[in-house]
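The next block is query_3.csv, given as CSV, C-alpha atoms and all ligand atoms.
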chain,number,residue,atom,x,y,z
A,1,MET,CA,-16.5,-6.5,2.9
A,2,ILE,CA,-17.0,-8.6,6.1
A,3,VAL,CA,-13.7,-10.0,7.2
A,4,HIS,CA,-14.4,-13.5,8.6
A,5,SER,CA,-10.8,-14.5,8.7
A,6,ALA,CA,-7.4,-12.9,8.2
A,7,ASN,CA,-4.1,-14.8,8.6
A,8,PHE,CA,-0.5,-14.3,7.9
A,9,ILE,CA,0.6,-16.8,5.3
A,10,THR,CA,4.3,-16.3,4.4
A,11,SER,CA,7.1,-13.8,3.7
A,12,ALA,CA,8.4,-14.2,0.2
A,13,PRO,CA,11.8,-12.9,-0.8
A,14,ALA,CA,10.9,-12.8,-4.5
A,15,LEU,CA,8.2,-13.5,-7.1
A,16,ALA,CA,9.4,-17.1,-7.5
A,17,SER,CA,8.6,-17.8,-3.8
A,18,CYS,CA,5.1,-16.3,-3.8
A,19,PRO,CA,2.3,-18.8,-2.9
A,20,ASP,CA,1.0,-21.0,-5.6
A,21,SER,CA,-2.6,-19.7,-5.6
A,22,GLU,CA,-5.2,-18.3,-7.9
A,23,TRP,CA,-6.8,-16.0,-5.3
A,24,PRO,CA,-6.8,-12.4,-6.5
A,25,GLU,CA,-4.2,-10.2,-4.8
A,26,ILE,CA,-4.1,-6.6,-3.7
A,27,ALA,CA,-0.6,-5.1,-2.9
A,28,PHE,CA,0.2,-2.2,-0.7
A,29,ALA,CA,3.1,0.1,-1.8
A,30,GLY,CA,4.6,3.4,-0.8
A,31,ARG,CA,7.5,5.0,0.9
A,32,SER,CA,8.8,3.5,4.1
A,33,ASN,CA,6.8,4.6,7.2
A,34,VAL,CA,3.9,5.9,5.1
A,35,GLY,CA,1.5,3.6,6.9
A,36,LYS,CA,1.1,0.5,4.7
A,37,SER,CA,1.1,-2.1,7.5
A,38,SER,CA,-1.1,0.0,9.7
A,39,LEU,CA,-3.7,0.4,6.9
A,40,ILE,CA,-3.8,-3.4,6.4
A,41,ASN,CA,-4.4,-4.0,10.1
A,42,CYS,CA,-7.2,-1.3,10.0
A,43,LEU,CA,-8.9,-2.7,6.9
A,44,LEU,CA,-8.8,-6.2,8.4
A,45,ASN,CA,-9.8,-5.0,11.9
A,46,ARG,CA,-6.9,-6.9,13.4
A,47,LYS,CA,-4.7,-4.7,15.5
A,48,GLY,CA,-1.5,-6.7,15.7
A,49,LEU,CA,-1.7,-8.9,12.6
A,50,VAL,CA,0.9,-6.9,10.6
A,51,ARG,CA,3.9,-5.5,12.5
A,52,THR,CA,4.1,-1.7,12.3
A,53,SER,CA,6.9,0.5,13.5
A,54,SER,CA,7.9,4.1,13.9
A,55,THR,CA,11.3,3.0,12.6
A,56,PRO,CA,11.2,3.1,8.7
A,57,GLY,CA,12.2,-0.1,6.9
A,58,ARG,CA,10.3,-2.5,9.1
A,59,THR,CA,8.9,-4.6,6.2
A,60,GLN,CA,11.6,-6.1,4.0
A,61,LEU,CA,9.9,-9.0,2.2
A,62,LEU,CA,6.7,-9.6,0.3
A,63,ASN,CA,4.4,-10.4,3.2
A,64,TYR,CA,1.3,-12.4,2.4
A,65,PHE,CA,-2.1,-12.3,4.3
A,66,ALA,CA,-5.1,-14.4,3.4
A,67,ILE,CA,-8.5,-12.9,3.8
A,68,ASN,CA,-11.7,-15.0,4.0
A,69,GLU,CA,-9.8,-17.9,2.3
A,70,ALA,CA,-10.4,-16.0,-1.0
A,71,LEU,CA,-8.1,-13.0,-1.3
A,72,HIS,CA,-4.5,-12.1,-0.6
A,73,PHE,CA,-3.2,-8.8,0.7
A,74,VAL,CA,0.5,-8.3,0.1
A,75,ASP,CA,2.4,-5.8,2.3
A,76,LEU,CA,5.4,-4.6,0.2
A,77,PRO,CA,8.6,-3.2,1.6
A,78,GLY,CA,8.7,0.6,1.4
A,79,TYR,CA,11.1,2.6,-0.7
A,80,GLY,CA,12.9,5.8,0.2
A,81,PHE,CA,14.6,4.7,3.3
A,82,ALA,CA,18.0,6.3,2.9
A,83,ARG,CA,19.4,4.8,6.0
A,84,ALA,CA,18.6,1.2,5.1
A,85,PRO,CA,21.8,-0.9,4.4
A,86,ARG,CA,22.8,-0.7,0.8
A,87,SER,CA,22.2,-4.5,0.5
A,88,VAL,CA,18.5,-3.9,1.5
A,89,ARG,CA,18.1,-0.9,-0.9
A,90,GLU,CA,19.6,-2.8,-3.8
A,91,LYS,CA,17.2,-5.7,-3.4
A,92,TRP,CA,14.1,-3.5,-3.3
A,93,GLN,CA,13.7,-2.8,-7.0
A,94,PRO,CA,14.1,-6.3,-8.5
A,95,MET,CA,12.0,-7.7,-5.7
A,96,VAL,CA,9.1,-5.2,-5.9
A,97,HIS,CA,9.2,-4.5,-9.7
A,98,GLY,CA,9.6,-8.3,-10.4
A,99,TYR,CA,6.6,-9.1,-8.2
A,100,LEU,CA,4.3,-6.3,-9.5
A,101,GLN,CA,5.1,-7.1,-13.2
A,102,GLY,CA,5.1,-10.8,-12.9
A,103,ARG,CA,2.3,-11.7,-10.6
A,104,GLU,CA,-0.7,-12.8,-12.7
A,105,SER,CA,-3.2,-12.7,-9.8
A,106,LEU,CA,-2.4,-9.1,-8.9
A,107,ARG,CA,-5.5,-7.0,-9.4
A,108,ALA,CA,-4.4,-3.6,-8.0
A,109,VAL,CA,-1.8,-1.7,-6.0
A,110,ILE,CA,-2.9,0.5,-3.2
A,111,TRP,CA,-0.4,3.4,-3.4
A,112,LEU,CA,0.0,5.4,-0.2
A,113,LEU,CA,1.2,9.0,0.3
A,114,ASP,CA,1.6,10.8,3.6
A,115,VAL,CA,-0.7,13.8,3.8
A,116,ARG,CA,2.0,15.9,5.5
A,117,ARG,CA,4.7,15.4,2.9
A,118,ASN,CA,5.2,16.6,-0.7
A,119,PRO,CA,5.4,13.6,-3.0
A,120,SER,CA,9.1,12.8,-3.3
A,121,PRO,CA,11.0,12.2,-6.5
A,122,GLU,CA,10.9,8.5,-5.6
A,123,ASP,CA,7.1,8.6,-5.2
A,124,LEU,CA,6.7,10.2,-8.6
A,125,GLU,CA,9.1,7.7,-10.2
A,126,PHE,CA,7.2,4.8,-8.7
A,127,LEU,CA,3.9,6.3,-9.9
A,128,ASP,CA,5.3,6.7,-13.4
A,129,TRP,CA,6.5,3.1,-13.4
A,130,LEU,CA,3.1,1.8,-12.3
A,131,GLU,CA,1.4,3.8,-15.1
A,132,GLU,CA,3.9,2.5,-17.7
A,133,SER,CA,3.5,-1.0,-16.4
A,134,GLU,CA,-0.3,-0.6,-16.7
A,135,ILE,CA,-0.9,-1.7,-13.1
A,136,PRO,CA,-4.3,-0.5,-11.7
A,137,THR,CA,-3.5,1.9,-8.9
A,138,ILE,CA,-5.6,3.0,-6.0
A,139,PRO,CA,-4.0,6.1,-4.5
A,140,VAL,CA,-4.6,6.7,-0.8
A,141,VAL,CA,-3.5,9.6,1.4
A,142,THR,CA,-2.6,8.5,4.9
A,143,LYS,CA,-2.4,9.9,8.5
A,144,VAL,CA,-5.1,12.6,7.8
A,145,ASP,CA,-5.8,12.8,11.5
A,146,LYS,CA,-2.5,14.7,11.8
A,147,VAL,CA,-3.7,17.7,9.9
A,148,SER,CA,-6.6,20.2,10.2
A,149,LYS,CA,-9.5,20.2,7.7
A,150,ASN,CA,-8.0,23.3,5.9
A,151,GLU,CA,-4.6,21.7,5.7
A,152,LEU,CA,-6.1,18.5,4.4
A,153,ALA,CA,-7.9,20.3,1.5
A,154,ARG,CA,-4.7,22.3,0.7
A,155,ASN,CA,-2.5,19.2,0.8
A,156,LEU,CA,-4.8,17.1,-1.3
A,157,ALA,CA,-4.8,19.8,-3.9
A,158,LYS,CA,-1.1,20.0,-3.8
A,159,ILE,CA,-0.7,16.2,-4.1
A,160,ALA,CA,-3.2,16.1,-7.0
A,161,SER,CA,-1.3,18.8,-8.9
A,162,VAL,CA,2.2,17.3,-8.3
A,163,THR,CA,1.1,13.7,-9.2
A,164,GLY,CA,-1.3,14.7,-12.0
A,165,LEU,CA,-4.0,12.4,-10.3
A,166,PRO,CA,-7.5,13.8,-10.2
A,167,LYS,CA,-8.3,15.0,-6.7
A,168,GLU,CA,-11.4,12.8,-6.4
A,169,LEU,CA,-9.3,9.7,-6.8
A,170,LEU,CA,-7.2,10.5,-3.7
A,171,THR,CA,-8.9,8.7,-0.8
A,172,PRO,CA,-7.9,10.3,2.6
A,173,VAL,CA,-7.5,7.7,5.3
A,174,SER,CA,-6.7,7.6,9.0
A,175,VAL,CA,-6.2,4.4,11.0
A,176,GLN,CA,-6.8,6.5,14.2
A,177,THR,CA,-10.3,7.6,13.2
A,178,ARG,CA,-10.9,4.9,10.6
A,179,GLN,CA,-11.7,7.7,8.1
A,180,GLY,CA,-11.7,6.3,4.5
A,181,HIS,CA,-11.8,2.7,5.6
A,182,SER,CA,-15.1,1.8,3.7
A,183,GLU,CA,-14.0,3.9,0.6
A,184,VAL,CA,-10.8,1.9,0.3
A,185,TRP,CA,-12.8,-1.4,0.6
A,186,GLU,CA,-15.1,-0.1,-2.2
A,187,ARG,CA,-12.2,0.6,-4.5
A,188,ILE,CA,-10.8,-2.9,-3.7
A,189,SER,CA,-14.1,-4.5,-4.6
A,190,MET,CA,-14.2,-2.6,-7.8
A,191,ALA,CA,-10.7,-3.7,-8.7
A,192,LEU,CA,-11.6,-7.3,-7.9
A,193,ASP,CA,-14.8,-7.2,-10.0
A,194,PRO,CA,-14.5,-4.5,-12.6
A,195,ASP,CA,-17.7,-5.5,-14.4
A,196,ALA,CA,-19.9,-5.3,-11.3
B,1,LIG,P1,7.6,0.2,6.4
B,1,LIG,O1,7.2,-1.2,6.8
B,1,LIG,O2,8.8,0.7,7.1
B,1,LIG,O3,7.7,0.4,4.9
B,1,LIG,O4,6.4,1.3,7.0
B,1,LIG,P2,4.8,1.2,6.8
B,1,LIG,O5,4.5,1.9,5.6
B,1,LIG,O6,4.3,-0.2,6.9
B,1,LIG,O7,4.3,2.1,8.0
B,1,LIG,P3,3.7,1.6,9.4
B,1,LIG,O8,2.3,1.1,9.1
B,1,LIG,O9,4.6,0.7,10.1
B,1,LIG,O10,3.4,3.0,10.1
B,1,LIG,C1,4.5,3.8,10.4
B,1,LIG,C2,4.2,4.8,11.6
B,1,LIG,O11,3.1,5.6,11.2
B,1,LIG,C3,3.7,4.0,12.8
B,1,LIG,O12,4.2,4.6,14.0
B,1,LIG,C4,2.2,4.1,12.8
B,1,LIG,O13,1.6,4.1,14.1
B,1,LIG,C5,2.0,5.5,12.1
B,1,LIG,N1,0.7,5.7,11.4
B,1,LIG,C6,0.3,4.9,10.4
B,1,LIG,N2,-0.9,5.3,10.0
B,1,LIG,C7,-1.3,6.3,10.7
B,1,LIG,C8,-2.5,7.2,10.8
B,1,LIG,O14,-3.4,7.1,10.0
B,1,LIG,N3,-2.5,8.2,11.8
B,1,LIG,C9,-1.4,8.3,12.6
B,1,LIG,N4,-1.5,9.3,13.5
B,1,LIG,N5,-0.3,7.6,12.6
B,1,LIG,C10,-0.2,6.6,11.7
B,2,MG,MG,5.4,-2.0,7.0
Starting from the file, lay out its structure as structure tokens.
Ligand code: GTP
Ligand code: MG
Amino acid sequence: MIVHSANFITSAPALASCPDSEWPEIAFAGRSNVGKSSLINCLLNRKGLVRTSSTPGRTQLLNYFAINEALHFVDLPGYGFARAPRSVREKWQPMVHGYLQGRESLRAVIWLLDVRRNPSPEDLEFLDWLEESEIPTIPVVTKVDKVSKNELARNLAKIASVTGLPKELLTPVSVQTRQGHSEVWERISMALDPDA
């Protein structure tokens, strides 16, 4: 995919405030700090388009980006941020579940896991919920520049066994080295046009 244009559109607090549009959508989900906003910047080749932070809980709304006037990326707030104020944590589920289940133009969710962490109970709960809701899911393993080749192979095997996902479906990515960038775009293209 050649990215000709990428722009921030809006931050929506709920499904009802999402843009009135028929462009297909790809959403990015995963625990707080896993690298969702960084991956979007990397896929779009725009360093500062999406705000990233080493402090978990940076993204608290459904953040919309327009790509090539034809596609939306939606950066979702992360889960699993224990120190977030209760008011923020309580809003997460209705906001994110309501959006994912109700948004007709949604084509797939890119679900991110940190290569250095064992999938948490919240990760597994979210994956179960995606499967039950029959939402096409593209699993991505982030920050792979932080581990050695051996560790990467070991951790991918562990993640596959804990999640039950086939190892070949787990795409390793790094925004530092851009590893996995074109594979993720390929998966996105397949989700946008399943018959191609
Ligand atoms: P929330 O908005 O809080 O849900 O977090 P997020 O998932 O959007 O994470 P974000 O993209 O803000 O990244 C969190 C931290 O991880 C930042 O300090 C990033 O620089 C770092 N990071 C993200 N991806 C990578 C990667 O591939 N490699 C390395 N080394 N660091 C990364
Ligand atoms: Mg973020």
Taking only C-alpha atoms and all ligand atoms into account, which residues have an atom no farther than 6 Å from ligand LIG 1 (chain B)? I'd like them as a list in words. Ser32, Asn33, Val34, Gly35, Lys36, Ser37, Ser38, Thr52, Ser53, Ser54, Pro56, Gly57, Arg58, Thr59, Pro77, Gly78, Thr142, Lys143, Asp145, Lys146, Ser174, Val175 and Gln176 of chain A
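The closest residue to Pro119 in chain A, picked from A:Val74, A:Ala16, A:Leu49, A:Ala160 and counting only C-alpha atoms, is A:Ala160.
When CA of Ala70 in chain A is paired with CA of Asn41 in chain A, their separation reads 17.4 Å.
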Between A:Glu104, A:Asp75, A:Glu131, A:Glu151, which one has atoms that come closest to ligand MG 2 (chain B), using only C-alpha atoms and all ligand atoms? A:Asp75
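Closest approach to His4 in chain A from the set A:Ser105, A:Asn45, A:Asn68, A:Ser161 is made by A:Asn68, with distances taken over all atoms listed in the file.
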Excluding Leu15 in chain A and any residue of its chain fewer than 3 positions from it, enumerate the residues within 8 Å of it, using all atoms listed in the file, and give them as a ChimeraX atom specification. /A:12,18,95,98-99,102-103
Which of A:Ser120, A:Ala153, A:Gly30, A:Pro94 sits closest to ligand MG 2 (chain B) [using all atoms listed in the file]: A:Gly30
What's around Glu186 in chain A at 12 Å? Count all atoms listed in the file, leave out sequence neighbours fewer than 5 positions away in its own chain, and write the answer as a ChimeraX atom specification. /A:1,43,138,171,180-181,191-194,196
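Going from CA of Val109 in chain A over to CA of Pro136 in chain A, you cover 6.3 Å.
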Within 9 Å of Leu106 in chain A, counting only C-alpha atoms, which residues qualify if same-chain residues fewer than 5 places away don't, as a ChimeraX atom specification? /A:23-27,100-101,135
Could those selected residues go to a file with C-alpha atoms, as a PDB file, in the frame of the given file?
ATOM      1  CA  TRP A  23      -6.800 -16.000  -5.300  1.00  0.00           C
ATOM      2  CA  PRO A  24      -6.800 -12.400  -6.500  1.00  0.00           C
ATOM      3  CA  GLU A  25      -4.200 -10.200  -4.800  1.00  0.00           C
ATOM      4  CA  ILE A  26      -4.100  -6.600  -3.700  1.00  0.00           C
ATOM      5  CA  ALA A  27      -0.600  -5.100  -2.900  1.00  0.00           C
ATOM      6  CA  LEU A 100       4.300  -6.300  -9.500  1.00  0.00           C
ATOM      7  CA  GLN A 101       5.100  -7.100 -13.200  1.00  0.00           C
ATOM      8  CA  ILE A 135      -0.900  -1.700 -13.100  1.00  0.00           C
TER       9      ILE A 135
END
Select, from A:Ser87, A:Ser5, A:Ser182, A:Thr55, the residue with the minimum atom-to-atom distance to ligand MG 2 (chain B), counting all atoms listed in the file. A:Thr55
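Counting all atoms listed in the file and comparing A:Val184, A:Leu61, A:Cys42, A:Val140, the residue that lies closest to Leu170 in chain A is A:Val140.
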Selection near Leu127 in chain A, 9 Å with all atoms listed in the file, sequence-local residues under 6 positions removed, as a PyMOL selection string: chain A and resi 111+137+163
Residue selection dump (C-alpha atoms) as a PDB file, in the coordinates of the input:
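Final output, result-v7.pdb:
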ATOM      1  CA  TRP A 111      -0.400   3.400  -3.400  1.00  0.00           C
ATOM      2  CA  THR A 137      -3.500   1.900  -8.900  1.00  0.00           C
ATOM      3  CA  THR A 163       1.100  13.700  -9.200  1.00  0.00           C
TER       4      THR A 163
END
